[in-house]
$ cat upload-v9.tsv   # TSV, C-alpha atoms
chain	number	residue	atom	x	y	z
A	1	MET	CA	76.39	96.33	86.50
A	2	ASP	CA	75.88	96.98	90.20
A	3	TYR	CA	77.86	94.64	92.41
A	4	LYS	CA	74.83	93.71	94.51
A	5	ASP	CA	73.13	92.49	91.31
A	6	ILE	CA	76.21	90.51	90.31
A	7	ARG	CA	76.26	88.97	93.77
A	8	TRP	CA	72.62	87.98	93.48
A	9	LYS	CA	73.19	86.45	90.04
A	10	PHE	CA	76.09	84.45	91.53
A	11	ILE	CA	73.71	83.18	94.23
A	12	GLU	CA	71.09	82.19	91.64
A	13	VAL	CA	73.55	80.36	89.38
A	14	SER	CA	75.35	78.58	92.22
A	15	GLY	CA	72.21	77.81	94.20
A	16	ARG	CA	74.09	78.89	97.33
A	17	TYR	CA	71.31	80.92	98.94
A	18	ASP	CA	73.02	80.32	102.28
A	19	LEU	CA	75.68	82.87	101.24
A	20	ILE	CA	73.36	85.86	101.33
A	21	ASN	CA	70.92	87.42	103.79
A	22	PRO	CA	67.50	86.36	102.45
A	23	THR	CA	65.81	89.49	103.79
A	24	THR	CA	68.21	92.29	102.89
A	25	GLN	CA	70.35	90.57	100.22
A	26	GLU	CA	73.46	91.61	102.14
A	27	ASP	CA	76.55	89.44	102.18
A	28	ASP	CA	76.69	86.27	104.26
A	29	GLY	CA	79.71	84.64	102.61
A	30	ALA	CA	79.26	85.33	98.90
A	31	ASP	CA	81.80	88.16	98.86
A	32	PHE	CA	84.55	85.74	99.86
A	33	TYR	CA	84.14	83.73	96.64
A	34	LEU	CA	83.58	86.73	94.39
A	35	ASN	CA	86.72	88.42	95.69
A	36	ALA	CA	88.67	85.18	95.35
A	37	GLY	CA	87.44	84.93	91.77
A	38	GLN	CA	88.39	88.52	91.05
A	39	ARG	CA	91.94	88.03	92.41
A	40	TYR	CA	92.22	84.92	90.23
A	41	LEU	CA	91.21	86.94	87.18
A	42	ASP	CA	93.63	89.73	88.05
A	43	ARG	CA	96.52	87.27	88.19
A	44	LEU	CA	95.60	85.71	84.84
A	45	LEU	CA	96.15	88.99	83.01
A	46	ASP	CA	99.14	91.32	82.88
A	47	THR	CA	97.82	93.64	80.18
A	48	GLY	CA	95.03	96.14	79.60
A	49	LYS	CA	93.06	97.22	82.65
A	50	MET	CA	95.34	95.33	85.01
A	51	ASN	CA	97.77	98.21	84.50
A	52	ALA	CA	97.33	101.42	86.47
A	53	ARG	CA	99.20	104.56	87.50
A	54	TYR	CA	99.57	105.36	91.19
A	55	PRO	CA	100.58	108.99	91.85
A	56	VAL	CA	101.51	110.15	95.33
A	57	ILE	CA	103.16	113.26	96.75
A	58	VAL	CA	106.36	112.74	98.73
A	59	THR	CA	108.18	115.42	100.68
A	60	ALA	CA	111.88	116.00	101.25
A	61	GLY	CA	113.73	113.03	102.73
A	62	ILE	CA	110.99	110.42	102.20
A	63	ILE	CA	112.43	107.28	100.56
A	64	VAL	CA	109.60	104.75	100.93
A	65	VAL	CA	106.62	104.84	98.56
A	66	LYS	CA	104.02	102.23	99.46
A	67	THR	CA	100.49	101.33	98.49
A	68	ILE	CA	97.96	98.54	98.86
A	69	GLY	CA	97.16	96.39	95.83
A	70	LEU	CA	100.45	96.71	93.94
A	71	ARG	CA	101.36	93.52	92.07
A	72	ALA	CA	104.40	94.55	90.04
A	73	VAL	CA	106.23	97.78	89.19
A	74	ARG	CA	106.92	98.55	85.54
A	75	GLU	CA	107.99	102.19	85.60
A	76	VAL	CA	108.54	104.92	88.18
A	77	TRP	CA	108.55	108.68	87.47
A	78	ALA	CA	109.37	111.69	89.61
A	79	ALA	CA	107.92	115.09	88.73
A	80	ASN	CA	107.76	118.63	90.06
A	81	ALA	CA	107.26	122.09	88.60
A	82	ASP	CA	110.58	121.81	86.76
A	83	GLY	CA	109.59	118.69	84.80
A	84	LYS	CA	109.67	114.92	85.10
A	85	VAL	CA	112.26	112.16	85.04
A	86	GLN	CA	111.97	108.38	84.75
A	87	LEU	CA	113.72	106.60	87.60
A	88	ILE	CA	116.23	103.85	86.84
A	89	PRO	CA	115.38	100.40	88.26
A	90	GLU	CA	118.04	98.84	90.47
A	91	SER	CA	118.21	96.01	92.98
A	92	LEU	CA	117.68	96.92	96.61
A	93	GLN	CA	121.09	95.41	97.33
A	94	LYS	CA	122.77	97.87	94.95
A	95	LEU	CA	120.92	100.84	96.43
A	96	ARG	CA	121.87	99.80	99.95
A	97	THR	CA	125.50	99.48	98.86
A	98	GLU	CA	125.59	102.74	96.89
A	99	TYR	CA	123.76	104.69	99.59
A	100	SER	CA	125.15	103.00	102.68
A	101	GLU	CA	124.42	105.76	105.20
A	102	GLU	CA	121.11	106.38	106.90
A	103	SER	CA	118.95	108.48	104.58
A	104	SER	CA	119.24	111.48	106.90
A	105	GLY	CA	122.96	111.55	106.14
A	106	ILE	CA	122.66	111.28	102.35
A	107	ALA	CA	122.74	114.41	100.20
A	108	GLN	CA	119.21	115.08	98.97
A	109	ALA	CA	118.50	115.55	95.26
A	110	CYS	CA	115.98	114.65	92.60
A	111	PRO	CA	115.38	110.88	92.92
A	112	LYS	CA	117.24	108.92	90.26
A	113	TYR	CA	116.85	105.22	91.19
A	114	TYR	CA	114.20	102.91	92.60
A	115	ALA	CA	114.11	99.34	93.85
A	116	PRO	CA	111.23	97.10	94.96
A	117	GLY	CA	111.05	97.33	98.74
A	118	PHE	CA	111.58	94.48	101.21
A	119	PHE	CA	109.06	95.80	103.71
A	120	ARG	CA	108.28	92.70	105.75
A	121	PRO	CA	110.05	92.47	109.11
A	122	TYR	CA	110.69	89.27	111.01
A	123	PRO	CA	109.04	88.35	113.22
A	124	ASP	CA	105.88	89.57	111.55
A	125	THR	CA	104.76	91.21	114.78
A	126	LEU	CA	107.90	93.37	115.09
A	127	ALA	CA	106.56	96.72	116.29
A	128	SER	CA	109.70	98.71	117.06
A	129	VAL	CA	113.21	99.17	115.67
A	130	ALA	CA	114.28	101.76	118.23
A	131	GLY	CA	118.07	102.03	118.43
A	132	MET	CA	118.63	99.99	115.24
A	133	TYR	CA	120.27	101.05	111.98
A	134	ASN	CA	119.65	100.16	108.33
A	135	VAL	CA	115.99	99.36	109.01
A	136	GLU	CA	114.23	102.62	108.14
A	137	ASP	CA	112.47	101.07	105.13
A	138	LEU	CA	110.79	98.30	107.15
A	139	LEU	CA	107.04	98.56	107.66
A	140	LEU	CA	106.30	97.62	111.22
A	141	PHE	CA	103.34	95.77	112.64
A	142	SER	CA	100.43	97.79	113.99
A	143	VAL	CA	97.49	96.43	115.95
A	144	GLY	CA	94.89	98.52	114.15
A	145	PRO	CA	94.27	98.37	110.41
A	146	PRO	CA	96.09	98.43	108.15
A	147	SER	CA	98.65	96.07	109.65
A	148	GLN	CA	101.37	97.61	107.48
A	149	HIS	CA	103.52	94.97	105.79
A	150	PHE	CA	100.72	92.44	105.36
A	151	ASN	CA	98.93	94.76	102.97
A	152	TYR	CA	101.53	96.98	101.38
A	153	ASN	CA	103.99	96.71	98.53
A	154	GLY	CA	106.08	99.50	97.10
A	155	ILE	CA	109.49	100.91	96.33
A	156	VAL	CA	112.52	102.60	97.85
A	157	ILE	CA	113.78	105.69	95.99
A	158	MET	CA	117.25	107.22	96.04
A	159	PRO	CA	118.73	109.69	96.57
A	160	PRO	CA	116.29	111.09	99.13
A	161	PRO	CA	114.13	113.83	97.57
A	162	ASP	CA	115.33	117.39	98.07
A	163	GLY	CA	111.80	118.78	98.00
A	164	THR	CA	108.22	117.88	97.15
A	165	TYR	CA	107.76	115.53	94.21
A	166	THR	CA	104.96	113.57	92.63
A	167	ILE	CA	106.13	109.96	92.47
A	168	GLU	CA	104.15	107.91	89.97
A	169	ILE	CA	104.27	104.12	89.93
A	170	LEU	CA	103.14	102.46	86.70
A	171	GLY	CA	102.48	98.77	87.03
A	172	LEU	CA	100.10	95.92	87.70
A	173	PHE	CA	97.53	96.43	90.45
A	174	TYR	CA	94.85	94.25	91.99
A	175	SER	CA	91.24	95.29	91.61
A	176	PRO	CA	89.57	96.82	94.68
A	177	THR	CA	87.95	94.49	97.19
A	178	LEU	CA	84.30	93.98	96.30
A	179	SER	CA	81.51	94.74	98.76
A	180	ALA	CA	77.95	95.99	98.83
A	181	THR	CA	76.52	97.18	102.14
A	182	LEU	CA	73.11	98.53	103.02
A	183	ALA	CA	72.52	101.39	105.45
A	184	ALA	CA	69.33	103.43	105.79
A	185	GLU	CA	68.05	101.78	102.59
A	186	VAL	CA	71.04	103.09	100.61
A	187	TRP	CA	73.56	100.72	99.02
A	188	THR	CA	77.29	101.47	99.08
A	189	GLN	CA	79.03	99.37	96.46
A	190	THR	CA	82.50	98.76	95.08
A	191	ARG	CA	83.14	98.96	91.36
A	192	SER	CA	85.96	97.36	89.42
A	193	TYR	CA	86.86	96.60	85.83
A	194	TRP	CA	85.35	93.15	86.27
A	195	THR	CA	82.01	94.35	87.67
A	196	GLU	CA	81.65	97.09	85.06
A	197	ALA	CA	82.93	95.41	81.90
A	198	GLN	CA	83.05	91.63	82.48
A	199	PRO	CA	80.46	90.63	85.12
A	200	ASP	CA	79.80	87.23	83.54
A	201	THR	CA	83.50	86.35	83.69
A	202	LEU	CA	83.62	87.46	87.32
A	203	ILE	CA	80.71	85.17	88.18
A	204	ALA	CA	82.32	82.24	86.36
A	205	ALA	CA	85.58	82.82	88.26
A	206	ALA	CA	83.70	82.90	91.57
A	207	LEU	CA	81.91	79.65	90.68
A	208	PHE	CA	85.29	78.11	89.82
A	209	LYS	CA	86.53	79.05	93.28
A	210	VAL	CA	83.46	77.59	94.99
A	211	ASP	CA	83.74	74.25	93.21
A	212	SER	CA	87.53	74.12	93.62
A	213	LEU	CA	87.32	74.66	97.38
A	214	TYR	CA	84.51	72.12	97.73
A	215	LYS	CA	86.43	69.61	95.54
A	216	ASN	CA	83.80	69.48	92.82
A	217	VAL	CA	86.52	68.68	90.31
A	218	ASP	CA	84.47	68.27	87.13
A	219	ALA	CA	82.44	71.44	87.67
A	220	ALA	CA	85.58	73.38	88.56
A	221	LYS	CA	87.23	72.29	85.30
A	222	GLU	CA	84.23	73.47	83.30
A	223	TYR	CA	84.17	76.88	84.95
A	224	ARG	CA	87.93	77.24	84.59
A	225	ALA	CA	87.67	76.50	80.86
A	226	LEU	CA	84.96	79.15	80.56
A	227	VAL	CA	87.09	81.69	82.41
A	228	MET	CA	90.18	80.93	80.34
A	229	ASP	CA	88.23	81.31	77.10
A	230	ASP	CA	87.04	84.77	78.17
A	231	VAL	CA	90.51	85.83	79.36
A	232	LEU	CA	92.10	84.67	76.10
A	233	GLY	CA	89.70	86.88	74.17
A	234	LEU	CA	90.51	89.88	76.35
A	235	ASP	CA	94.23	89.26	75.96
A	236	ARG	CA	93.89	89.12	72.17
A	237	ASP	CA	92.14	92.49	72.18
A	238	THR	CA	95.00	94.03	74.13
A	239	VAL	CA	97.64	92.51	71.84
A	240	GLU	CA	95.84	93.93	68.81
A	241	GLU	CA	95.69	97.35	70.46
A	242	ASP	CA	99.41	97.22	71.28
A	243	LEU	CA	100.29	96.23	67.72
A	244	THR	CA	98.26	99.11	66.33
A	245	GLY	CA	100.01	101.56	68.67
A	246	ASN	CA	103.44	100.23	67.67
A	247	MET	CA	102.65	100.59	63.96
A	248	GLN	CA	101.46	104.18	64.48
A	249	MET	CA	104.64	105.09	66.37
A	250	GLY	CA	106.81	103.40	63.75
A	251	GLY	CA	105.03	105.00	60.82
$ encode --input "upload-v9.tsv" --output "structure tokens"
Amino acid sequence: MDYKDIRWKFIEVSGRYDLINPTTQEDDGADFYLNAGQRYLDRLLDTGKMNARYPVIVTAGIIVVKTIGLRAVREVWAANADGKVQLIPESLQKLRTEYSEESSGIAQACPKYYAPGFFRPYPDTLASVAGMYNVEDLLLFSVGPPSQHFNYNGIVIMPPPDGTYTIEILGLFYSPTLSATLAAEVWTQTRSYWTEAQPDTLIAAALFKVDSLYKNVDAAKEYRALVMDDVLGLDRDTVEEDLTGNMQMGG
């Protein structure tokens, strides 16, 4: 279902015609609630389509792998023409202890370990670490978008790669930010799992957010119950699928 149609249905059901341009049907506030609802749905599930694989090419010496939208890392793999290897999860503290030199002074090899990165600097507006040590994995503030650490999560890999590798992060990811814009009578629209497969649940989650923020307690409870009922059904489907896969592997 096209996002612009979902947005219009949200307007009709909520009665909030002030949240859309009456002439062009472009956004005038509706996207805020629909995106809030989608993030709420994403956080309710940790199975099925909430999982994704993020592949990226890293070159020799690069130890930070970052991306927008990453919720949690479940597996990390490194691959090149010689094959692939699953990286071993460790704490960042252990990596910093084991590999105590600056990365430029560490012998490069096929990455073996990863740890969730602590990318945020303090203060948040820190823009330079010139002359400092042990800070090469910080993501610094930038005036233009994206303002690095506010948007990114990721990992640190060790030892530093000795060549070009595909690093693949398997984990939980947020759905893309929803929008529908009109230019020269052509719509450009975002798609997500929720818009394509569960548009009614997305609308209910957005209505829950509207009523929650406006302190319409009774209505918010009703929409939350509707959302939770849908999410429970989706979770059951995934559990059944996982059980079937486990039985096939065991058989």
$ residues_around --input "upload-v9.tsv" --residues "Phe118 in chain A" --least-positions-apart "6" --cutoff "12 Å" --atoms "only C-alpha atoms" --output "PyMOL selection string"
chain A and resi 64-66+91-93+96+135-140+149-150+152-156
$ closest_residue --input "upload-v9.tsv" --among "A:Tyr54, A:Leu170, A:Gln25, A:Thr47" --to "Glu185 in chain A" --atoms "all atoms listed in the file"
A:Gln25
$ closest_residue --input "upload-v9.tsv" --among "A:Trp8, A:Tyr223, A:Tyr33, A:Tyr114" --to "Val73 in chain A" --atoms "all atoms listed in the file"
A:Tyr114
$ atom_distance --input "upload-v9.tsv" --atom1 "CA of Met228 in chain A" --atom2 "CA of Ile169 in chain A"
28.8 Å
$ residues_around --input "upload-v9.tsv" --residues "Lys209 in chain A" --least-positions-apart "6" --cutoff "10 Å" --atoms "only C-alpha atoms" --output "count of residues only"
14
$ residues_around --input "upload-v9.tsv" --residues "Ala52 in chain A" --least-positions-apart "3" --cutoff "7 Å" --atoms "all atoms listed in the file" --output "number ranges by chain"
A: 170-173
$ write_last_selection --input "upload-v9.tsv" --atoms "C-alpha atoms" --output "PDB file, keeping the file's coordinate frame"
ATOM      1  CA  LEU A 170     103.140 102.460  86.700  1.00  0.00           C
ATOM      2  CA  GLY A 171     102.480  98.770  87.030  1.00  0.00           C
ATOM      3  CA  LEU A 172     100.100  95.920  87.700  1.00  0.00           C
ATOM      4  CA  PHE A 173      97.530  96.430  90.450  1.00  0.00           C
TER       5      PHE A 173
END
$ atom_distance --input "upload-v9.tsv" --atom1 "CA of Glu102 in chain A" --atom2 "CA of Tyr133 in chain A"
7.4 Å
$ closest_residue --input "upload-v9.tsv" --among "A:Gln148, A:Leu213, A:Thr166, A:Ala30" --to "Glu12 in chain A" --atoms "all atoms listed in the file"
A:Ala30
$ closest_residue --input "upload-v9.tsv" --among "A:Gly29, A:Gly131, A:Gly117, A:Gly48" --to "Ala206 in chain A" --atoms "only C-alpha atoms"
A:Gly29
$ closest_residue --input "upload-v9.tsv" --among "A:Ile167, A:Ile20, A:Val13, A:Ala109" --to "Gln86 in chain A" --atoms "all atoms listed in the file"
A:Ile167
$ atom_distance --input "upload-v9.tsv" --atom1 "CA of Asn134 in chain A" --atom2 "CA of Lys94 in chain A"
13.9 Å
$ residues_around --input "upload-v9.tsv" --residues "Lys112 in chain A" --least-positions-apart "6" --cutoff "7 Å" --atoms "only C-alpha atoms" --output "VMD selection string"
chain A and resid 87 to 88 158 to 159
$ write_last_selection --input "upload-v9.tsv" --atoms "C-alpha atoms" --output "PDB file, keeping the file's coordinate frame"
ATOM      1  CA  LEU A  87     113.720 106.600  87.600  1.00  0.00           C
ATOM      2  CA  ILE A  88     116.230 103.850  86.840  1.00  0.00           C
ATOM      3  CA  MET A 158     117.250 107.220  96.040  1.00  0.00           C
ATOM      4  CA  PRO A 159     118.730 109.690  96.570  1.00  0.00           C
TER       5      PRO A 159
END
$ closest_residue --input "upload-v9.tsv" --among "A:Ile68, A:Ser192, A:Pro199, A:Asp211" --to "Pro176 in chain A" --atoms "all atoms listed in the file"
A:Ser192
$ residues_around --input "upload-v9.tsv" --residues "Tyr165 in chain A" --least-positions-apart "6" --cutoff "12 Å" --atoms "all atoms listed in the file" --output "PyMOL selection string"
chain A and resi 55-63+65+77-85+109-111+157
